[in-house]
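Visitor: Quick one: the structure is below, questions incoming.
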Amino acid sequence: MKKFTLLYLGILLFIFLGCTPKQITVLTNSKDVGRNVISGESIRAEVFIFPERIHDFKIDTSGNYATVHLRGLSANGRFLKNRSNFVRFDVQRDSVLWSRRVNNQLESVAELDGIILHNREGRSNNLDNATGRRIWQAHSSILHVFPEDDLGIGYRVRTKLGKANLVEGIDLKTGEPKWQRQIPREFGWNEIVFLNDSTLIVASSGLHSVNIHDGTGWEYSTKTGKRDYTAAIIGTGLGIAVGLLTGSYTVMTSPDVVTNIVSNILIHESNIYFASSEHLVKLSNEGDVIWQKPLQSDLTSSSLLFISDDDLVMINKGYATMGYQRIPIGSPYLANFDISSGEQRYLTHLAPERRDIIRGIQRGYDEITFVLSDYVSQYSLYDGGSLKSKYFETEKNGSLAFFIDEMIYDQHGSFFYSLAQISPNKYHLLTENGRVLVLDSNFEIEYETELDDFFIHYLTEDDKKFIAKNDQTYLIDAYGEKIAEFTASKTAIFTNGKLYDIQRQSFLEVNLESIFEKTP
């Protein structure tokens with residue numbers, strides 16, 4: 001009996017020790033990472049070295065606290081490990097406040113505007129920023145928070161049959177629901193915009209206005225996705241690194257759906273314009289239909305709406321989304337509609353004889369240029385007529401991606417300018433293989449170079465720009481003159497005079513306060 005008891009206690013001790021989170025130790029040092037070119041002074045960084053690869057981080061607006069996500073890679077370096085650690089770190093005191101280990105397949109920790117949420121089994125637990133202890137638990141999975149209104153919004157996952165679309169407004173002080181509202185989510189949340197200070201417009205199987213205080217609002221229903229799409233198309237993943245999708249608020253109930261057959265929400269002069277897989281519509285801010293025009297559903301896809309003079313222009317991109325992957329669907333086209341009546345003025349097919357997608361768009365004053373996989377074409381916004389076009393061989397350089405004129409900088413004498421400033425009459429076209437094709441006004445290739453030869457503009461603060469090549473950042477003023485140079489990657493973020501960057505297991509705080517001091 002005594003042996004059994006000892007064995008039992010040993011097993012319990014083993015389980016307890018195995019489940020107890022390991023103490024996270026962070027090493028610190030300080031080093032020079034660059035120089036202030038104007039003053040000649042060194043630029044220093046505080047370096048915090050964590051015990052594992054840093055996958056992501058968030059820094060609060062004060063710059064005092066960081067939430068660091070540690071997630072290692074498999075032995076071959078190809079896959080992320082299932083388990084990871086979230087660490088709440090006091091940057092000013094160089095100390096770990098708390099850490100939480102999670103199984104990324106079953107749970108997650110997210111910091112949304114200073115609110116830390118541990119989501120597990122369809123419920124959101126609000127964690128105390130200083131201790132990591134649970135303050136309250138909500139029976140909904142919170143997706144968005146509005147701290148200034150003490151409000152979170154999320155779906156109640158564990159609910160009765162027929163209530164799968166139940167959205168709750170959660171009081172961020174208590175975790176209790178303030179209001180409930182039915183919003184369909186079969187094809188995901190595509191976009192959220194503020195109509196005014198108290199009203200959201202949610203694109204999800206149509207449009208839904210939501211008063212953030214009581215959940216009330218109008219509905220406009222339409223299809224924004226498809227279910228049970230053919231396996232042949234699902235298997236056609238484009239997977240180009242330069243084409244990662246952003247801005248999606250997808251909240252799906254099933255993985256076998258195609259989403260984002262929808263446009264942006266365009267708000268213009270107290271009216272809302274919106275395109276789905278079946279309709280183009282103009283609504284008043286009160287949700288009344290002013291006009292609605294049918295769209296050819298076998299052609300529609302993800303689309304872009306914008307105003308040009310007194311016309312509504314629609315660009316149908318020729319792709320939708322399956323999970324996190326783009327898939328070709330419909331057909332790319334350029335269309336123009338009368339903004340008052342919705343009558344179609346023209347519709348120009350961009351790839352009438354084959355399946356392709358729009359990969360890049362460059363808009364001029366009265367013309368618009370499109371990049372497809374091996375084809376660049378320019379059209380008149382006035383009548384949709386073709387102005388010029390050019391096919392490209394892609395075997396050497398890979399498929400075409402998009403124009404990079406505004407986002408890429410190069411040195412010109414002692415100054416740095418965007419490619420659009422250096423060569424305003426040329427086009428700079430990126431390919432999937434990282435080649436830059438410099439085109440003349442007729443899309444003929446003048447010469448080729450590598451993307452790595454240029455600086456990428458990744459951040460603007462005041463009138464200063466951060467441009468990076470590899471792990472080296474230059475800070476330039478409004479005239480393109482270099483102010484500072486230091487070690488930092490193009491994924492760094494800036495707040496309160498300091499730049500924050502991750503380099504494998506290191507978290508860097510680069511002090512730029514002297515450069516960004518406000519003059520009286």
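Chains: A, B, ... in order of the structure tokens. Residues: from 1 per chain. Ligands: from 1, in order shown.
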Neighbouring residues of range 334-337 of chain A were defined as those with any atom within 12 Å, considering only C-alpha atoms; residues of the same chain fewer than 2 positions away were excluded. Please report them as a count of residues only.
Guide: 58
Visitor: Which residues of range 18-81 of chain A come within 12 Å of range 129-145 of chain A, and what is each one's closest atom pair and distance in Å (one decimal), counting only C-alpha atoms, sorted by chain and residue number, as a Markdown table?
Guide:
| residue | atom | partner | partner_atom | distance |
| --- | --- | --- | --- | --- |
| A:Asp60 | CA | A:Asn129 | CA | 10.8 |
| A:Asn64 | CA | A:Ala130 | CA | 11.7 |
| A:Tyr65 | CA | A:Asn129 | CA | 9.0 |
| A:Ala66 | CA | A:Asn129 | CA | 10.0 |
| A:Thr67 | CA | A:Asn129 | CA | 9.3 |
Visitor: Would you compute the distance between CA of Leu151 in chain A and CA of Pro177 in chain A? Give it in Å to one decimal.
Guide: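 Separation of CA of Leu151 in chain A and CA of Pro177 in chain A: 9.4 Å.
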Visitor: Find the residue from A:Ile476, A:Val87, A:Leu400, A:Leu387 that sits nearest to Asn442 in chain A; use only C-alpha atoms when measuring.
Guide: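 Closest residue, counting only C-alpha atoms: A:Leu387.
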Visitor: Name all residues at most 7 Å from Arg227 in chain A (count only C-alpha atoms; drop same-chain ones fewer than 6 positions away) and give them as a list in words.
Guide: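 Contacts, with the query itself left out: Asp256, Val257 and Val258 of chain A.
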Visitor: A:Ala164, A:Ile38, A:Ala401, A:Leu437: which is nearest Asp477 in chain A, counting only C-alpha atoms?
Guide: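 Going through A:Ala164, A:Ile38, A:Ala401, A:Leu437 one by one, the smallest distance to Asp477 in chain A is for A:Ile38.
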Visitor: Kindly give the distance, in Å, that separates CA of Gly225 in chain A and CA of Ser198 in chain A, rounded to a single decimal.
Guide: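 Separating CA of Gly225 in chain A from CA of Ser198 in chain A is a distance of 28.3 Å.
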Visitor: Can you list, as a PyMOL selection string, all residues belonging to range 328-517 of chain A that DSSP tags as strand (DSSP E or B)?
Guide: chain A and resi 328+333-338+344-349+360-363+367-371+375-380+386-391+400-403+408-412+415-418+427-431+435-439+445-450+455-461+464-469+472-476+481-487+493-495+498-503+506-511
Visitor: Here is a test: counting only C-alpha atoms, which residue of A:Phe89, A:Phe507, A:Tyr417, A:Tyr500 is nearest to Ile49 in chain A?
Guide: A:Phe507
Visitor: For Asn470 in chain A, which residue out of A:Phe454, A:Ala484, A:His268, A:Tyr391 is the nearest one, using only C-alpha atoms?
Guide: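 Nearest to Asn470 in chain A: A:Phe454.
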Visitor: Find, counting only C-alpha atoms, the residue in A:Ile115, A:Leu475, A:Leu195, A:Ile212 that gets nearest to Gln180 in chain A.
Guide: A:Ile212
Visitor: So, with only C-alpha atoms as the atoms that count, which of A:Gln411, A:Ser489, A:Asn165, A:Ser276 lies closest to Asp453 in chain A?
Guide: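 For Asp453 in chain A, the nearest of the given residues is A:Gln411.
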